[in-house]
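Colleague: So here's structure.txt, just compact mmCIF, C-alpha atoms and all ligand atoms:
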```
# COMPACT_ATOMS: atom_id res chain seq x y z
CA MET A 921 -20.10 1.03 -3.78
CA ILE A 922 -21.64 1.83 -0.41
CA PRO A 923 -22.41 5.57 -0.45
CA LYS A 924 -20.42 7.71 1.97
CA LYS A 925 -23.62 8.93 3.61
CA GLU A 926 -24.45 5.34 4.66
CA ILE A 927 -21.11 5.06 6.47
CA ASP A 928 -21.63 8.53 7.98
CA LYS A 929 -24.98 7.31 9.35
CA VAL A 930 -23.24 4.39 11.06
CA LEU A 931 -20.54 6.71 12.38
CA ALA A 932 -23.14 9.14 13.75
CA GLY A 933 -24.22 6.38 16.15
CA TYR A 934 -20.68 6.00 17.57
CA GLU A 935 -19.77 7.13 21.07
CA ASN A 936 -16.74 9.25 20.27
CA ASP A 937 -15.22 8.90 23.72
CA SER A 938 -15.09 5.11 23.51
CA ILE A 939 -13.75 4.41 20.04
CA THR A 940 -11.83 1.19 19.47
CA ILE A 941 -9.19 0.97 16.75
CA GLY A 942 -9.31 -2.43 15.08
CA THR A 943 -7.59 -4.24 12.27
CA ILE A 944 -6.97 -7.72 10.91
CA GLY A 945 -4.11 -9.50 12.69
CA SER A 946 -1.45 -9.54 9.99
CA HIS A 947 0.90 -7.24 7.98
CA SER A 948 1.31 -4.08 10.15
CA ALA A 949 -1.33 -4.82 12.80
CA LEU A 950 1.16 -4.70 15.68
CA GLN A 951 2.38 -1.27 14.62
CA ILE A 952 -1.17 0.03 14.07
CA LEU A 953 -2.49 -1.24 17.42
CA LYS A 954 0.61 -0.16 19.39
CA GLY A 955 0.22 3.30 17.86
CA ALA A 956 -3.50 3.35 18.71
CA LYS A 957 -2.76 2.41 22.33
CA ASP A 958 -0.06 5.11 22.56
CA GLU A 959 -2.72 7.60 21.50
CA GLY A 960 -5.11 6.36 24.20
CA PHE A 961 -7.51 4.18 22.19
CA ASP A 962 -8.88 0.75 23.01
CA THR A 963 -7.57 -1.77 20.50
CA LEU A 964 -8.87 -4.87 18.74
CA ALA A 965 -7.12 -7.51 16.64
CA ILE A 966 -9.40 -9.55 14.40
CA CYS A 967 -7.86 -12.85 13.42
CA THR A 968 -8.28 -16.54 12.73
CA LYS A 969 -7.99 -19.10 15.53
CA ASP A 970 -4.41 -20.09 14.72
CA ARG A 971 -3.19 -16.53 15.32
CA ALA A 972 -5.32 -15.65 18.36
CA GLU A 973 -2.77 -16.66 21.02
CA PHE A 974 -0.06 -14.65 19.27
CA TYR A 975 -2.12 -11.45 19.25
CA LYS A 976 -3.44 -11.96 22.80
CA ASP A 977 0.13 -11.85 24.09
CA TRP A 978 0.68 -8.13 23.46
CA ASN A 979 -0.23 -5.77 26.30
CA PHE A 980 -1.31 -3.02 23.90
CA ILE A 981 -4.02 -5.24 22.39
CA ASP A 982 -7.14 -5.08 24.54
CA ASN A 983 -9.30 -7.57 22.66
CA VAL A 984 -8.95 -10.31 20.09
CA LEU A 985 -11.93 -11.25 17.96
CA VAL A 986 -11.63 -14.70 16.41
CA ILE A 987 -13.30 -15.26 13.04
CA GLY A 988 -13.39 -18.36 10.82
CA SER A 989 -11.77 -16.70 7.79
CA TYR A 990 -10.81 -13.10 7.08
CA LYS A 991 -13.78 -12.63 4.77
CA ASP A 992 -16.03 -13.34 7.76
CA ILE A 993 -15.39 -9.73 8.79
CA LEU A 994 -18.17 -9.01 6.27
CA LYS A 995 -20.71 -11.22 8.06
CA LYS A 996 -23.71 -9.39 9.46
CA ASN A 997 -23.20 -10.53 13.05
CA VAL A 998 -19.49 -9.66 12.99
CA GLN A 999 -20.13 -6.18 11.59
CA GLU A 1000 -22.94 -5.60 14.07
CA LYS A 1001 -20.55 -6.39 16.90
CA LEU A 1002 -17.84 -4.12 15.49
CA ILE A 1003 -20.31 -1.27 15.09
CA LYS A 1004 -21.74 -1.80 18.59
CA ASP A 1005 -18.20 -1.55 19.97
CA ASN A 1006 -17.52 1.72 18.08
CA VAL A 1007 -14.75 0.11 16.03
CA ILE A 1008 -12.92 2.06 13.36
CA LEU A 1009 -11.10 -0.35 11.05
CA ILE A 1010 -7.64 0.41 9.67
CA PRO A 1011 -6.98 -1.17 6.26
CA HIS A 1012 -3.52 -2.57 5.48
CA GLY A 1013 -2.08 -4.60 2.59
CA SER A 1014 -3.22 -8.02 3.81
CA PHE A 1015 -6.59 -6.62 4.94
CA VAL A 1016 -7.34 -5.45 1.38
CA GLU A 1017 -5.93 -8.63 -0.15
CA TYR A 1018 -7.90 -11.01 2.11
CA VAL A 1019 -11.21 -9.13 2.18
CA THR A 1020 -10.80 -7.90 -1.47
CA PRO A 1021 -11.37 -4.34 -2.74
CA LYS A 1022 -14.76 -5.27 -4.24
CA SER A 1023 -16.14 -6.63 -0.96
CA ILE A 1024 -14.80 -3.66 0.98
CA GLU A 1025 -16.52 -1.30 -1.45
CA GLU A 1026 -19.81 -3.18 -1.52
CA LYS A 1027 -20.24 -5.03 1.77
CA LEU A 1028 -18.20 -3.44 4.54
CA TYR A 1029 -20.51 -1.10 6.46
CA THR A 1030 -18.13 -0.73 9.38
CA PRO A 1031 -16.35 2.66 9.26
CA LEU A 1032 -12.92 2.44 7.68
CA PHE A 1033 -10.10 4.97 8.13
CA GLY A 1034 -9.34 6.70 4.83
CA ASN A 1035 -11.26 7.07 1.59
CA ARG A 1036 -12.36 3.71 0.22
CA SER A 1037 -12.87 5.20 -3.28
CA VAL A 1038 -9.10 5.00 -3.63
CA LEU A 1039 -9.25 1.18 -3.90
CA HIS A 1040 -10.71 1.54 -7.33
CA TRP A 1041 -8.00 3.95 -8.47
CA GLU A 1042 -4.99 2.03 -7.27
CA SER A 1043 -6.04 -1.49 -8.32
CA ASP A 1044 -6.71 -0.56 -11.95
CA ARG A 1045 -3.44 0.13 -13.83
CA ARG A 1046 -5.17 2.34 -16.41
CA LYS A 1047 -6.76 4.49 -13.72
CA GLY A 1048 -3.45 4.58 -11.86
CA ARG A 1049 -1.76 5.98 -14.98
CA GLU A 1050 -4.43 8.66 -15.33
CA TRP A 1051 -3.85 9.65 -11.70
CA PHE A 1052 -0.05 9.80 -12.10
CA ASN A 1053 -0.32 11.76 -15.35
CA LEU A 1054 -2.58 14.35 -13.76
CA ALA A 1055 -0.08 14.63 -10.90
CA GLY A 1056 2.77 15.17 -13.39
CA ILE A 1057 4.59 12.07 -12.18
CA LYS A 1058 6.85 10.24 -14.59
CA ILE A 1059 5.80 6.65 -15.22
CA PRO A 1060 7.54 3.83 -17.14
CA LYS A 1061 6.72 3.72 -20.84
CA GLU A 1062 4.19 1.01 -21.68
CA PHE A 1063 4.06 -1.04 -24.87
CA SER A 1064 0.68 -2.25 -26.08
CA HIS A 1065 2.08 -5.08 -28.23
CA PRO A 1066 5.16 -7.33 -27.84
CA SER A 1067 6.31 -6.33 -31.36
CA GLU A 1068 6.91 -2.79 -30.03
CA ILE A 1069 9.48 -3.88 -27.44
CA ASP A 1070 12.69 -1.95 -28.13
CA ARG A 1071 14.42 -2.05 -24.71
CA ILE A 1072 14.46 -4.13 -21.52
CA VAL A 1073 10.88 -4.50 -20.30
CA ILE A 1074 9.20 -6.05 -17.28
CA VAL A 1075 6.06 -8.01 -18.08
CA LYS A 1076 3.43 -7.90 -15.32
CA PHE A 1077 0.16 -9.67 -14.68
CA PRO A 1078 -2.78 -8.37 -12.60
CA GLY A 1079 -3.30 -9.63 -9.08
CA ALA A 1080 0.24 -10.98 -8.98
CA LYS A 1081 1.33 -11.46 -5.42
CA GLY A 1082 4.93 -10.42 -5.07
CA GLY A 1083 5.39 -10.24 -8.79
CA ARG A 1084 4.45 -13.91 -9.40
CA GLY A 1085 5.00 -14.69 -13.06
CA TYR A 1086 6.67 -11.36 -13.84
CA PHE A 1087 9.53 -11.67 -16.33
CA LEU A 1088 12.02 -9.52 -18.20
CA ALA A 1089 12.38 -9.47 -21.97
CA ARG A 1090 14.41 -7.56 -24.57
CA ASN A 1091 12.36 -8.24 -27.70
CA GLU A 1092 9.24 -9.96 -29.05
CA GLY A 1093 11.01 -13.32 -29.43
CA GLU A 1094 12.02 -13.40 -25.77
CA PHE A 1095 8.53 -12.27 -24.76
CA ASN A 1096 6.87 -15.12 -26.70
CA LYS A 1097 9.28 -17.72 -25.36
CA LYS A 1098 8.94 -16.65 -21.74
CA ILE A 1099 5.18 -16.15 -21.66
CA LYS A 1100 4.75 -19.74 -22.82
CA GLY A 1101 6.74 -21.04 -19.86
CA ILE A 1102 4.97 -19.25 -16.99
CA LYS A 1103 2.43 -20.99 -14.78
CA LEU A 1104 -0.64 -18.79 -15.21
CA THR A 1105 -4.05 -19.42 -16.74
CA MET A 1106 -4.63 -18.26 -20.34
CA LYS A 1107 -6.92 -15.51 -19.03
CA GLU A 1108 -4.19 -14.24 -16.70
CA LYS A 1109 -1.55 -14.47 -19.44
CA ASN A 1110 -3.65 -12.41 -21.86
CA ASN A 1111 -3.89 -9.63 -19.33
CA PHE A 1112 -0.22 -8.66 -19.47
CA THR A 1113 1.28 -5.20 -19.10
CA ILE A 1114 4.58 -4.58 -20.85
CA GLN A 1115 6.46 -1.87 -19.02
CA GLU A 1116 9.86 -0.33 -19.61
CA TYR A 1117 12.30 -1.64 -16.98
CA ILE A 1118 13.67 1.42 -15.19
CA ILE A 1119 17.32 1.13 -14.24
CA GLY A 1120 18.23 3.07 -11.12
CA THR A 1121 17.79 2.83 -7.35
CA ARG A 1122 14.44 1.98 -5.87
CA PHE A 1123 12.86 4.10 -3.14
CA TYR A 1124 9.52 3.36 -1.51
CA LEU A 1125 8.30 6.71 -0.22
CA GLN A 1126 6.04 6.50 2.84
CA PHE A 1127 3.73 9.52 2.95
CA PHE A 1128 0.80 10.54 5.12
CA TYR A 1129 -1.82 13.08 4.09
CA SER A 1130 -3.76 14.77 6.84
CA PRO A 1131 -7.02 16.43 5.81
CA ILE A 1132 -7.22 17.77 9.37
CA ILE A 1133 -4.03 19.83 9.26
CA LYS A 1134 -4.07 19.86 5.43
CA LYS A 1135 -0.49 18.68 5.09
CA VAL A 1136 1.50 15.94 3.36
CA GLU A 1137 4.13 14.41 5.63
CA LEU A 1138 7.04 12.17 4.67
CA LEU A 1139 7.16 9.57 7.46
CA GLY A 1140 9.87 7.29 6.10
CA ILE A 1141 11.57 5.69 3.11
CA ASP A 1142 12.52 2.05 2.63
CA ILE A 1143 13.81 -0.33 -0.01
CA ARG A 1144 12.10 -3.67 -0.48
CA TYR A 1145 14.38 -6.66 -0.26
CA GLU A 1146 13.18 -8.96 -3.01
CA SER A 1147 13.97 -12.57 -3.76
CA ASN A 1148 15.62 -13.75 -5.88
CA ILE A 1149 16.53 -10.50 -7.70
CA ASP A 1150 18.51 -9.11 -4.76
CA GLY A 1151 20.43 -12.37 -4.47
CA LEU A 1152 21.24 -12.54 -8.17
CA VAL A 1153 23.23 -9.30 -8.04
CA ARG A 1154 25.69 -11.03 -5.68
CA ILE A 1155 26.72 -13.55 -8.33
CA PRO A 1156 29.43 -12.36 -10.74
CA SER A 1157 28.12 -12.08 -14.29
CA TYR A 1158 30.70 -14.55 -15.68
CA LEU A 1159 29.15 -17.27 -13.49
CA LEU A 1160 25.65 -16.42 -14.71
CA ALA A 1161 26.58 -16.43 -18.41
CA GLY A 1162 24.75 -19.21 -20.18
CA TYR A 1163 22.23 -19.76 -17.37
CA GLU A 1164 18.65 -18.63 -17.73
CA ILE A 1165 17.65 -17.71 -14.21
CA GLU A 1166 14.51 -15.57 -14.30
CA PRO A 1167 14.53 -12.94 -11.53
CA GLY A 1168 11.68 -12.97 -9.00
CA TYR A 1169 10.33 -10.04 -6.96
CA VAL A 1170 8.91 -11.66 -3.83
CA VAL A 1171 9.29 -9.25 -0.93
CA THR A 1172 11.19 -10.95 1.88
CA GLY A 1173 12.14 -7.89 3.94
CA ASN A 1174 12.57 -4.13 4.02
CA ILE A 1175 15.73 -2.07 4.37
CA PRO A 1176 15.77 1.47 5.84
CA VAL A 1177 17.21 4.20 3.69
CA VAL A 1178 17.75 7.94 3.64
CA VAL A 1179 18.10 9.85 0.40
CA ARG A 1180 20.46 12.67 -0.49
CA GLU A 1181 18.91 15.79 0.99
CA SER A 1182 18.83 17.45 -2.44
CA LEU A 1183 16.26 14.85 -3.55
CA LEU A 1184 13.80 15.74 -0.79
CA PRO A 1185 12.16 18.77 -2.46
CA ARG A 1186 11.21 16.59 -5.48
CA ILE A 1187 9.99 13.83 -3.16
CA MET A 1188 7.71 16.27 -1.34
CA GLU A 1189 6.49 17.58 -4.69
CA ILE A 1190 5.56 14.01 -5.68
CA GLY A 1191 3.59 13.51 -2.43
CA ASN A 1192 1.81 16.86 -2.74
CA ASN A 1193 0.99 16.38 -6.43
CA ILE A 1194 -0.45 12.90 -5.89
CA VAL A 1195 -2.71 14.26 -3.13
CA GLY A 1196 -3.71 17.26 -5.26
CA ALA A 1197 -4.62 15.06 -8.24
CA SER A 1198 -6.56 12.62 -6.02
CA LYS A 1199 -8.73 15.48 -4.76
CA ARG A 1200 -9.67 16.29 -8.34
CA LEU A 1201 -10.24 12.69 -9.42
CA PHE A 1202 -12.09 11.27 -6.42
CA PRO A 1203 -12.93 13.99 -3.90
CA PRO A 1204 -12.04 14.40 -1.05
CA GLY A 1205 -9.05 12.42 -2.35
CA ILE A 1206 -6.54 10.19 -0.63
CA ILE A 1207 -6.55 10.27 3.18
CA GLY A 1208 -3.86 8.98 5.54
CA PRO A 1209 -0.89 6.79 4.59
CA PHE A 1210 0.21 5.96 1.05
CA CYS A 1211 3.42 4.74 -0.52
CA MET A 1212 4.91 5.75 -3.86
CA GLU A 1213 7.00 2.97 -5.38
CA THR A 1214 9.75 4.70 -7.36
CA VAL A 1215 13.04 4.26 -9.14
CA CYS A 1216 15.49 7.17 -9.08
CA THR A 1217 17.52 7.23 -12.28
CA GLU A 1218 21.13 8.41 -12.59
CA ASP A 1219 19.97 11.81 -13.85
CA MET A 1220 18.13 12.20 -10.51
CA ASN A 1221 14.63 11.77 -11.91
CA PHE A 1222 12.00 9.75 -10.11
CA VAL A 1223 9.92 7.31 -12.13
CA SER A 1224 7.01 5.79 -10.27
CA PHE A 1225 5.63 2.38 -11.17
CA GLU A 1226 2.96 1.94 -8.48
CA ILE A 1227 1.13 3.45 -5.53
CA SER A 1228 -0.07 1.61 -2.44
CA ALA A 1229 -2.85 3.73 -1.02
CA ARG A 1230 -2.63 2.54 2.58
CA ILE A 1231 -0.09 1.67 5.23
CA VAL A 1232 2.67 -0.49 3.75
CA ALA A 1233 4.70 -3.17 5.53
CA GLY A 1234 7.89 -1.14 5.04
CA THR A 1235 6.63 1.23 7.76
CA ASN A 1236 7.22 -1.58 10.29
CA LEU A 1237 10.86 -0.46 10.25
CA TYR A 1238 9.96 2.76 12.00
CA LEU A 1239 8.02 1.93 15.16
CA GLN A 1240 10.20 4.45 16.96
CA GLY A 1241 9.95 6.91 14.09
CA SER A 1242 12.20 7.41 11.06
CA PRO A 1243 14.87 10.05 10.35
CA TYR A 1244 12.08 11.97 8.57
CA SER A 1245 9.30 11.61 11.15
CA GLN A 1246 11.81 12.81 13.77
CA LEU A 1247 12.05 16.11 11.90
CA LEU A 1248 8.28 16.49 12.19
CA TYR A 1249 7.60 15.11 15.68
CA ASP A 1250 9.53 15.28 18.94
CA GLU A 1251 8.20 11.86 19.90
CA PRO A 1252 8.31 8.38 18.32
CA MET A 1253 5.83 8.63 15.45
CA SER A 1254 5.19 5.47 13.47
CA THR A 1255 2.70 5.51 10.62
CA GLY A 1256 0.40 3.40 12.81
CA ARG A 1257 0.53 5.98 15.57
CA ARG A 1258 0.08 8.81 13.06
CA ILE A 1259 -3.19 7.20 11.90
CA ALA A 1260 -4.46 7.12 15.50
CA ARG A 1261 -3.30 10.72 16.03
CA GLU A 1262 -5.32 11.79 12.99
CA ILE A 1263 -8.43 10.05 14.32
CA LYS A 1264 -7.89 11.65 17.73
CA MET A 1265 -7.48 15.14 16.23
CA ALA A 1266 -10.57 14.63 14.07
CA VAL A 1267 -12.65 13.54 17.08
CA ASP A 1268 -11.43 16.53 19.12
CA ILE A 1269 -12.66 19.03 16.54
CA GLY A 1270 -15.84 17.12 15.64
CA LYS A 1271 -14.64 16.16 12.15
CA LEU A 1272 -14.35 12.38 12.41
CA ALA A 1273 -16.45 11.87 9.28
CA GLU A 1274 -13.77 13.71 7.26
CA VAL A 1275 -11.22 10.94 7.80
CA ILE A 1276 -13.56 7.98 7.52
CA TYR A 1277 -15.16 6.22 4.56
P1 LIG A 1301 2.99 -4.98 -4.68
O1 LIG A 1301 1.53 -4.97 -4.99
O2 LIG A 1301 3.39 -5.82 -3.51
O3 LIG A 1301 3.59 -3.59 -4.64
P2 LIG A 1301 3.23 -6.07 -7.31
O4 LIG A 1301 3.10 -7.54 -7.34
O5 LIG A 1301 2.10 -5.21 -7.74
O6 LIG A 1301 3.75 -5.70 -5.89
P3 LIG A 1301 5.15 -4.29 -8.50
O7 LIG A 1301 5.24 -3.49 -7.25
O8 LIG A 1301 4.57 -3.63 -9.69
O9 LIG A 1301 4.46 -5.69 -8.22
O10 LIG A 1301 6.60 -4.82 -8.90
C1 LIG A 1301 7.34 -5.73 -8.09
C2 LIG A 1301 8.81 -5.34 -8.12
O11 LIG A 1301 9.31 -5.37 -9.46
C3 LIG A 1301 9.10 -3.93 -7.63
O12 LIG A 1301 9.20 -3.84 -6.23
C4 LIG A 1301 10.41 -3.62 -8.33
O13 LIG A 1301 11.52 -4.21 -7.70
C5 LIG A 1301 10.23 -4.30 -9.66
N1 LIG A 1301 9.66 -3.41 -10.69
C6 LIG A 1301 8.36 -3.27 -11.01
N2 LIG A 1301 8.19 -2.42 -12.04
C7 LIG A 1301 9.42 -2.02 -12.39
C8 LIG A 1301 9.91 -1.14 -13.42
N3 LIG A 1301 9.10 -0.56 -14.29
N4 LIG A 1301 11.25 -0.95 -13.50
C9 LIG A 1301 12.10 -1.57 -12.64
N5 LIG A 1301 11.69 -2.41 -11.67
C10 LIG A 1301 10.38 -2.64 -11.54
```
Can the structure in the file be given as structure tokens, please?

Modeller:
Amino acid sequence: MIPKKEIDKVLAGYENDSITIGTIGSHSALQILKGAKDEGFDTLAICTKDRAEFYKDWNFIDNVLVIGSYKDILKKNVQEKLIKDNVILIPHGSFVEYVTPKSIEEKLYTPLFGNRSVLHWESDRRKGREWFNLAGIKIPKEFSHPSEIDRIVIVKFPGAKGGRGYFLARNEGEFNKKIKGIKLTMKEKNNFTIQEYIIGTRFYLQFFYSPIIKKVELLGIDIRYESNIDGLVRIPSYLLAGYEIEPGYVVTGNIPVVVRESLLPRIMEIGNNIVGASKRLFPPGIIGPFCMETVCTEDMNFVSFEISARIVAGTNLYLQGSPYSQLLYDEPMSTGRRIAREIKMAVDIGKLAEVIY
């Protein structure tokens, strides 16, 4: 892990009045760079050749840097250029997936918005559980051995993109049968997590924590539209009887949602507790956007099965702000713009290093 003081040294050489906000051209890059431009920053999209024309077309993107592959962002000459141009990088889901958490932790010297220590805590399920427990957040029960399965469970594998290979089972027999049939290596198969399947309504809570104003904000809520599970519910059960169609969880879109107002106090408690626990576990804790992936059960309890500790694609719904960001800001405030606003506020009070690692 590159020590924070190394990144601070790089940042100390930056000209604060000519900062460029940059990110990899994918995922939520348009939202991030539009937001950065709205806040008065120069903007940079870093992408492969096949996407360069697409990103050049937007008037809020000042520069496009073409690299051979996304991992090339780690190359010495690329990083030297980014640092020379005072670039602050904004991580998003594809950024972390393409560059990998390990390489970001060990090889990316360019200043990154947020606290990169969080990568370690969100990618390891065991650490994630420790974090949620400390925050007093309910998590699905986990079973260490298939023989313990006594209810519907979802079986997960690490590094699964969009739930690839995930399956549901009701008992050990079903588990054994299904695990045989999935297309994963033996090593991947042996790394399963058996988790209670929570029945309820899913909510993906989009938060932002500002260390500058010391406040957790709820910027939006969405529901992921997943294939084929969300299509299966449209087929009457009598037609499905006798068929063995395994549900998949590949995200194909996002749907906006508002919750009953009476659920909001608990939602804010979840956001505040997760930030509080992160400060204790990996000081200074989580910084900027994060998303709690939850299921709300019929007794109005939230159970959370994952955290994404960065901007999530579901925020793309709210370029003009969400019903919740409108309560906080009298102007369109996307998560992308909120990131740029945080950087701007930090620069103005000479505390940029507090939002960068
Ligand atoms: P990502 O990293 O994109 O968030 P992932 O591949 O890590 O996805 P999860 O987010 O853990 O996978 O799960 C994928 C989907 O499976 C969820 O969006 C949700 O629909 C469903 N799911 C996961 N865990 C549970 C659970 N315990 N109970 C009910 N549904 C679940």

Colleague: In Å, with one decimal, what is the gap from atom CA of Lys1103 of chain A to atom CA of Val1170 of chain A?

Modeller: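 Taking atom CA of Lys1103 of chain A as the start and atom CA of Val1170 of chain A as the end point, the length is 15.8 Å.
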
Colleague: Work out how far atom O8 of ligand LIG 1301 (chain A) is from atom CA of Ile1010 of chain A, in Å to one decimal.

Modeller: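 About the pair atom CA of Ile1010 of chain A and atom O8 of ligand LIG 1301 (chain A): they are 23.2 Å apart.
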
Colleague: Neighbours of ligand LIG 1301 (chain A) within 7 Å, counting only C-alpha atoms and all ligand atoms, as a PDB file with C-alpha atoms, in the coordinates of the input?

Modeller:
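Final file, out_9.pdb:
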```
ATOM      1  CA  PRO A1060       7.540   3.830 -17.140  1.00  0.00           C
ATOM      2  CA  ILE A1074       9.200  -6.050 -17.280  1.00  0.00           C
ATOM      3  CA  GLY A1079      -3.300  -9.630  -9.080  1.00  0.00           C
ATOM      4  CA  ALA A1080       0.240 -10.980  -8.980  1.00  0.00           C
ATOM      5  CA  LYS A1081       1.330 -11.460  -5.420  1.00  0.00           C
ATOM      6  CA  GLY A1082       4.930 -10.420  -5.070  1.00  0.00           C
ATOM      7  CA  GLY A1083       5.390 -10.240  -8.790  1.00  0.00           C
ATOM      8  CA  ARG A1084       4.450 -13.910  -9.400  1.00  0.00           C
ATOM      9  CA  GLN A1115       6.460  -1.870 -19.020  1.00  0.00           C
ATOM     10  CA  GLU A1116       9.860  -0.330 -19.610  1.00  0.00           C
ATOM     11  CA  TYR A1117      12.300  -1.640 -16.980  1.00  0.00           C
ATOM     12  CA  ILE A1118      13.670   1.420 -15.190  1.00  0.00           C
ATOM     13  CA  ILE A1119      17.320   1.130 -14.240  1.00  0.00           C
ATOM     14  CA  ARG A1144      12.100  -3.670  -0.480  1.00  0.00           C
ATOM     15  CA  GLU A1146      13.180  -8.960  -3.010  1.00  0.00           C
ATOM     16  CA  TYR A1169      10.330 -10.040  -6.960  1.00  0.00           C
ATOM     17  CA  GLU A1213       7.000   2.970  -5.380  1.00  0.00           C
ATOM     18  CA  VAL A1215      13.040   4.260  -9.140  1.00  0.00           C
ATOM     19  CA  PHE A1225       5.630   2.380 -11.170  1.00  0.00           C
ATOM     20  CA  GLU A1226       2.960   1.940  -8.480  1.00  0.00           C
ATOM     21  CA  SER A1228      -0.070   1.610  -2.440  1.00  0.00           C
TER      22      SER A1228
END
```

Colleague: List every residue of segment 1125-1195 of chain A that has an atom at most 8 Å from any atom of segment 1251-1266 of chain A, giving for each one its closest atom pair and the distance in Å to one decimal, counting only C-alpha atoms, sorted by chain and then by ascending residue number, as CSV.

Modeller:
```
residue,atom,partner,partner_atom,distance
A:Phe1128,CA,A:Thr1255,CA,7.7
A:Ser1130,CA,A:Glu1262,CA,7.0
A:Ile1132,CA,A:Ala1266,CA,6.6
A:Leu1139,CA,A:Thr1255,CA,6.8
```

Colleague: Within 12 Å of segment 1187-1197 of chain A, which residues of segment 1006-1050 of chain A show up? Give each one with its shortest atom-to-atom distance in Å (one decimal) and the two atoms involved, counting only C-alpha atoms, rows by chain then rising residue number, as a tab-separated table.

Modeller:
```
residue	atom	partner	partner_atom	distance
A:Val1038	CA	A:Val1195	CA	11.3
A:Trp1041	CA	A:Ala1197	CA	11.6
A:Glu1042	CA	A:Ile1194	CA	11.9
A:Gly1048	CA	A:Ile1194	CA	10.7
A:Arg1049	CA	A:Ile1194	CA	11.5
A:Glu1050	CA	A:Ala1197	CA	9.6
```

Colleague: Determine the nearest neighbour of Ser1037 of chain A from the options A:Cys1211, A:Ile944, A:Val1019, A:Ile922, counting only C-alpha atoms.

Modeller: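 Between A:Cys1211, A:Ile944, A:Val1019, A:Ile922, the residue approaching Ser1037 of chain A most closely is A:Ile922.
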
Colleague: Expressed in Å to a single decimal, how great is the separation between atom CA of Phe1087 of chain A and atom CA of Pro1167 of chain A?

Modeller: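 One can read the atom CA of Phe1087 of chain A to atom CA of Pro1167 of chain A distance as 7.0 Å.
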
Colleague: Could you check the closest approach to Gly1168 of chain A for each of A:Lys1107, A:Lys1076, A:Arg1180, A:Lys996 and tell me which residue wins, using only C-alpha atoms?

Modeller: A:Lys1076

Colleague: A:Met1212, A:Ala956, A:Ile1008, A:Ile1102: which is nearest Phe980 of chain A, counting all atoms listed in the file?

Modeller: A:Ala956

Colleague: Rank nothing, just name the residue among A:Gly1085, A:Phe1127, A:Ile1227, A:Phe1112 nearest to Ile1057 of chain A, using only C-alpha atoms.

Modeller: A:Ile1227

Colleague: Using only C-alpha atoms, which of the listed residues (A:Asn1035, A:Thr1113, A:Ser1157, A:Ser1242) sits closest to Glu1274 of chain A?

Modeller: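 Among A:Asn1035, A:Thr1113, A:Ser1157, A:Ser1242, it is A:Asn1035 that comes nearest to Glu1274 of chain A.
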
Colleague: Smallest atom-to-atom distance to Tyr1124 of chain A: which of A:Val1177, A:Ala965, A:Met1220, A:Val986, using all atoms listed in the file?

Modeller: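 Of A:Val1177, A:Ala965, A:Met1220, A:Val986, the one nearest Tyr1124 of chain A is A:Val1177, counting all atoms listed in the file.
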
Colleague: Could you pull out every residue with an atom within 10 Å of (-14.7, -8.7, 8.8), file coordinates, counting all atoms listed in the file, and send them as a short mmCIF file (atom, residue, chain, number, x, y, z; two decimals) with C-alpha atoms, keeping the file's coordinate frame?

Modeller:
```cif
data_model
loop_
_atom_site.label_atom_id
_atom_site.label_comp_id
_atom_site.auth_asym_id
_atom_site.auth_seq_id
_atom_site.Cartn_x
_atom_site.Cartn_y
_atom_site.Cartn_z
CA THR A 943 -7.59 -4.24 12.27
CA ILE A 944 -6.97 -7.72 10.91
CA ILE A 966 -9.40 -9.55 14.40
CA CYS A 967 -7.86 -12.85 13.42
CA LEU A 985 -11.93 -11.25 17.96
CA ILE A 987 -13.30 -15.26 13.04
CA GLY A 988 -13.39 -18.36 10.82
CA SER A 989 -11.77 -16.70 7.79
CA TYR A 990 -10.81 -13.10 7.08
CA LYS A 991 -13.78 -12.63 4.77
CA ASP A 992 -16.03 -13.34 7.76
CA ILE A 993 -15.39 -9.73 8.79
CA LEU A 994 -18.17 -9.01 6.27
CA LYS A 995 -20.71 -11.22 8.06
CA LYS A 996 -23.71 -9.39 9.46
CA ASN A 997 -23.20 -10.53 13.05
CA VAL A 998 -19.49 -9.66 12.99
CA GLN A 999 -20.13 -6.18 11.59
CA LEU A 1002 -17.84 -4.12 15.49
CA LEU A 1009 -11.10 -0.35 11.05
CA PHE A 1015 -6.59 -6.62 4.94
CA TYR A 1018 -7.90 -11.01 2.11
CA VAL A 1019 -11.21 -9.13 2.18
CA ILE A 1024 -14.80 -3.66 0.98
CA LYS A 1027 -20.24 -5.03 1.77
CA LEU A 1028 -18.20 -3.44 4.54
CA TYR A 1029 -20.51 -1.10 6.46
CA THR A 1030 -18.13 -0.73 9.38
#
```

Colleague: List the spatial neighbours of Ile1141 of chain A as a short mmCIF file (atom, residue, chain, number, x, y, z; two decimals) with C-alpha atoms, keeping the file's coordinate frame - criterion: any atom at most 7 Å away, all atoms listed in the file, same-chain residues fewer than 2 positions off excluded.

Modeller:
```
data_model
loop_
_atom_site.label_atom_id
_atom_site.label_comp_id
_atom_site.auth_asym_id
_atom_site.auth_seq_id
_atom_site.Cartn_x
_atom_site.Cartn_y
_atom_site.Cartn_z
CA PHE A 1123 12.86 4.10 -3.14
CA TYR A 1124 9.52 3.36 -1.51
CA LEU A 1125 8.30 6.71 -0.22
CA GLN A 1126 6.04 6.50 2.84
CA PRO A 1176 15.77 1.47 5.84
CA VAL A 1177 17.21 4.20 3.69
CA VAL A 1178 17.75 7.94 3.64
#
```

Colleague: Pick out the residues sitting within 12 Å of Lys976 of chain A, and hand them over as a list in words; count only C-alpha atoms, and ignore anything fewer than 3 positions along from it in its own chain.

Modeller: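 Contacts, in chain order: Gly945, Leu950, Thr963, Leu964, Ala965, Ile966, Cys967, Lys969, Asp970, Arg971, Ala972, Glu973, Asn979, Phe980, Ile981, Asp982, Asn983, Val984, Leu985 and Val986 of chain A.
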